[in-house]
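Dumped entry19.csv below, it's CSV, C-alpha atoms:
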```csv
chain,number,residue,atom,x,y,z
K,1,MET,CA,1.7,2.2,32.7
K,2,LYS,CA,-2.0,1.6,33.1
K,3,VAL,CA,-3.6,-0.9,30.6
K,4,GLU,CA,-7.0,0.4,29.6
K,5,THR,CA,-9.5,-1.0,27.2
K,6,LEU,CA,-11.7,1.5,25.4
K,7,ASP,CA,-15.3,0.7,24.4
K,8,GLU,CA,-16.7,1.9,21.1
K,9,LYS,CA,-18.0,5.2,22.6
K,10,GLN,CA,-14.6,6.0,24.2
K,11,VAL,CA,-12.8,5.2,21.0
K,12,SER,CA,-15.1,7.6,19.1
K,13,ILE,CA,-14.5,10.3,21.7
K,14,ALA,CA,-10.7,9.7,21.5
K,15,LEU,CA,-10.7,9.9,17.7
K,16,THR,CA,-12.7,13.2,17.8
K,17,GLN,CA,-10.2,14.7,20.3
K,18,LEU,CA,-7.3,13.5,18.3
K,19,VAL,CA,-8.5,15.2,15.1
K,20,GLN,CA,-9.1,18.4,17.1
K,21,LYS,CA,-5.5,18.4,18.3
K,22,ILE,CA,-4.0,18.0,14.8
K,23,ASP,CA,-3.7,21.7,13.9
K,24,PHE,CA,-1.9,21.4,10.6
K,25,GLN,CA,-2.5,19.7,7.2
K,26,PRO,CA,-0.2,16.7,6.9
K,27,GLU,CA,0.7,15.9,3.4
K,28,LEU,CA,1.5,12.3,4.3
K,29,ILE,CA,-0.2,10.3,7.1
K,30,VAL,CA,1.6,7.0,7.9
K,31,GLY,CA,-0.3,4.5,10.1
K,32,ILE,CA,1.4,1.8,12.0
K,33,LEU,CA,-0.6,-1.4,11.6
K,34,ASN,CA,-2.4,-3.2,13.2
K,35,GLY,CA,-3.4,-0.6,15.8
K,36,SER,CA,-3.8,2.4,13.5
K,37,ALA,CA,-6.1,0.7,10.9
K,38,GLU,CA,-9.3,2.1,12.5
K,39,ILE,CA,-7.7,5.5,13.1
K,40,ILE,CA,-6.7,5.7,9.5
K,41,LYS,CA,-10.2,4.7,8.4
K,42,TYR,CA,-11.6,7.5,10.5
K,43,LEU,CA,-9.1,10.1,9.3
K,44,LYS,CA,-9.9,9.3,5.7
K,45,GLN,CA,-13.5,10.3,6.3
K,46,GLN,CA,-12.6,13.7,7.7
K,47,ASP,CA,-12.6,16.7,5.4
K,48,GLU,CA,-9.5,18.1,7.2
K,49,PHE,CA,-7.4,15.3,5.6
K,50,SER,CA,-8.9,15.1,2.1
K,51,GLU,CA,-5.7,16.3,0.6
K,52,SER,CA,-3.5,13.9,2.6
K,53,VAL,CA,-1.8,10.8,1.2
K,54,PHE,CA,-2.3,7.8,3.4
K,55,TYR,CA,0.2,5.0,3.8
K,56,GLN,CA,0.4,2.0,6.3
K,57,VAL,CA,3.4,0.1,7.6
K,58,LYS,CA,3.5,-3.0,9.6
K,59,LEU,CA,6.2,-4.0,12.2
K,60,GLN,CA,6.0,-7.0,14.5
K,61,ARG,CA,7.7,-7.0,17.8
K,62,LYS,CA,9.3,-10.3,19.0
K,63,GLN,CA,6.9,-10.7,21.9
K,64,GLU,CA,3.9,-10.7,19.5
K,65,THR,CA,4.9,-13.9,17.8
K,66,VAL,CA,2.9,-15.9,20.2
K,67,LYS,CA,-0.2,-13.8,19.6
K,68,ARG,CA,0.1,-14.4,15.8
K,69,LYS,CA,-0.3,-18.2,16.1
K,70,LYS,CA,-3.8,-19.2,15.0
K,71,ILE,CA,-4.6,-21.1,18.2
K,72,MET,CA,-3.8,-18.1,20.3
K,73,ARG,CA,-5.9,-15.8,18.2
K,74,PHE,CA,-8.8,-18.3,18.4
K,75,LEU,CA,-8.4,-18.7,22.2
K,76,ALA,CA,-8.3,-14.9,22.7
K,77,LYS,CA,-11.5,-14.5,20.7
K,78,LYS,CA,-13.3,-17.2,22.7
K,79,SER,CA,-11.9,-16.3,26.2
K,80,PRO,CA,-13.9,-14.2,28.6
K,81,TYR,CA,-12.9,-10.6,28.7
K,82,PHE,CA,-11.3,-10.7,32.2
K,83,ILE,CA,-8.8,-13.4,31.0
K,84,VAL,CA,-7.9,-11.4,27.9
K,85,ASP,CA,-7.6,-8.3,29.9
K,86,PHE,CA,-5.3,-10.1,32.5
K,87,LEU,CA,-3.1,-11.3,29.6
K,88,ARG,CA,-2.9,-7.7,28.2
K,89,LYS,CA,-1.8,-6.5,31.7
K,90,LEU,CA,0.9,-9.2,31.8
K,91,GLU,CA,2.1,-8.1,28.4
K,92,SER,CA,2.2,-4.5,29.5
K,93,ALA,CA,4.2,-5.4,32.6
K,94,LYS,CA,6.7,-7.1,30.3
K,95,ALA,CA,6.9,-4.1,28.1
K,96,ARG,CA,7.6,-1.8,31.1
K,97,LYS,CA,10.6,-4.0,31.9
K,98,SER,CA,11.9,-3.8,28.4
K,99,ILE,CA,11.6,0.0,28.4
K,100,ALA,CA,14.3,0.2,31.1
K,101,ALA,CA,16.7,-1.6,28.7
K,102,ILE,CA,16.1,0.8,25.8
K,103,THR,CA,18.7,3.3,25.2
K,104,LYS,CA,19.3,5.7,22.3
K,105,GLU,CA,22.4,3.7,21.4
K,106,ASN,CA,20.4,0.5,21.2
K,107,LEU,CA,17.8,2.1,19.0
K,108,GLU,CA,20.5,3.5,16.7
K,109,LYS,CA,21.7,-0.1,16.1
K,110,THR,CA,18.1,-1.2,15.2
K,111,LYS,CA,17.8,-2.5,11.7
K,112,ILE,CA,15.7,0.0,9.8
K,113,ILE,CA,13.0,-1.6,7.7
K,114,PRO,CA,12.7,0.0,4.3
K,115,ILE,CA,9.6,2.1,3.9
K,116,GLU,CA,9.3,3.0,0.3
K,117,ILE,CA,6.7,5.6,-0.4
K,118,ALA,CA,6.4,6.9,-4.0
K,119,LEU,CA,5.0,10.4,-4.1
K,120,LYS,CA,5.0,13.0,-6.9
K,121,LYS,CA,6.6,15.5,-4.6
K,122,GLU,CA,8.4,15.2,-1.3
K,123,PRO,CA,6.1,15.9,1.6
K,124,GLN,CA,6.9,18.8,4.0
K,125,THR,CA,4.6,17.6,6.8
K,126,ILE,CA,4.2,14.0,7.9
K,127,LEU,CA,2.0,12.6,10.6
K,128,ILE,CA,2.7,9.1,12.0
K,129,ILE,CA,-0.3,7.5,13.7
K,130,ASP,CA,-0.6,4.5,16.0
K,131,ASP,CA,-3.2,3.4,18.5
K,132,ALA,CA,-0.8,3.2,21.5
K,133,ILE,CA,2.8,3.6,22.4
K,134,ASP,CA,4.3,1.1,24.8
K,135,THR,CA,8.1,1.4,24.5
K,136,GLY,CA,8.3,3.9,21.7
K,137,LYS,CA,10.6,1.7,19.8
K,138,THR,CA,8.3,1.1,16.8
K,139,MET,CA,7.5,4.8,16.6
K,140,TYR,CA,11.2,5.6,16.7
K,141,VAL,CA,12.1,3.2,14.0
K,142,VAL,CA,9.3,4.4,11.7
K,143,LYS,CA,10.2,8.1,12.3
K,144,LYS,CA,13.9,7.5,11.7
K,145,GLN,CA,13.2,5.7,8.4
K,146,LEU,CA,10.9,8.5,7.3
K,147,GLN,CA,13.5,11.1,8.3
K,148,GLN,CA,16.0,9.3,6.1
K,149,GLN,CA,13.6,9.1,3.1
K,150,PHE,CA,12.3,12.7,3.5
K,151,PRO,CA,15.0,14.7,5.2
K,152,THR,CA,13.4,18.1,4.8
K,153,ALA,CA,10.0,17.1,6.2
K,154,THR,CA,8.7,18.0,9.6
K,155,ILE,CA,7.4,14.8,11.2
K,156,TYR,CA,4.8,14.7,13.9
K,157,VAL,CA,3.5,11.6,15.9
K,158,ALA,CA,0.1,11.0,17.4
K,159,CYS,CA,-1.6,8.2,19.2
K,160,ILE,CA,-4.7,7.4,21.2
K,161,ALA,CA,-2.8,6.0,24.3
```
For this file, write the structure as structure tokens.
Amino acid sequence: MKVETLDEKQVSIALTQLVQKIDFQPELIVGILNGSAEIIKYLKQQDEFSESVFYQVKLQRKQETVKRKKIMRFLAKKSPYFIVDFLRKLESAKARKSIAAITKENLEKTKIIPIEIALKKEPQTILIIDDAIDTGKTMYVVKKQLQQQFPTATIYVACIA
């Protein structure tokens, strides 16, 4: 898995391409935070999704607990780009190793977090959005929860990387 950092122009191009590939009108769009925040903001500005209901959910992986510490966030903001990029590549390598350990049986045992979305009518089409997929576990957990809550809905997933 190649770690790539997109600049503002590349992100804009990727968002435009993402919108062009969504060839249906999702009734519900669920963004996985923190990565999907900018994508959701962009989609809300598009006429194609003016009828969609937006919802965001946040899940934290265990390996991100170090990044959540204030000192680490401060150091990451103050560090030169090449150091932050190097650390991202190390994190990606660790994620690749964890991918090998993931099985459907392990995922089935994953504790499902409650996602409670109150809608007037049950959606028939749901789109889950994230900025990137590393292991797929977060996407799997969110999709499984939504399938349980909305069993008749067709669920699609989309991401930038």
For this session: Just give me the gap between atom CA of K:Ser36 and atom CA of K:Tyr156 in Å, one decimal is fine.
Result: 15.0 Å
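Each of K:Val84, K:Leu43, K:Val30, K:Ile133 was checked against K:Ser12 using all atoms listed in the file; the smallest atom-to-atom distance is that of K:Leu43.
If only C-alpha atoms are the atoms counted, then among K:Thr138, K:Ile129, K:Ile32, K:Ile40 the closest residue to K:Ile155 is K:Ile129.
Coordinates place atom CA of K:Ile160 at a distance of 5.1 Å from atom CA of K:Asp131.
Each of K:Ile117, K:Leu87, K:Val57, K:Ala93 was compared to K:Val142 using only C-alpha atoms, and K:Val57 turns out to be the nearest.
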Exercise. What gap, in Å, lies between atom CA of K:Ser52 and atom CA of K:Leu6?
Worked result: 27.2 Å
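Closest approach to K:Ile29 from the set K:Ile115, K:Ala161, K:Met139, K:Ile126 is made by K:Ile126, with distances taken over all atoms listed in the file.
Compared by their closest atoms to K:Ile128, and using all atoms listed in the file, the residues K:Leu28, K:Leu18, K:Val11, K:Ile83 rank with K:Leu28 nearest.
Near K:Gln25, within a cut-off of 10 Å and counting only C-alpha atoms, sit the residues Glu48, Phe49, Ser50, Glu51, Ser52, Gln124, Thr125, Ile126 and Leu127 of chain K, with same-chain residues fewer than 5 positions away left out.
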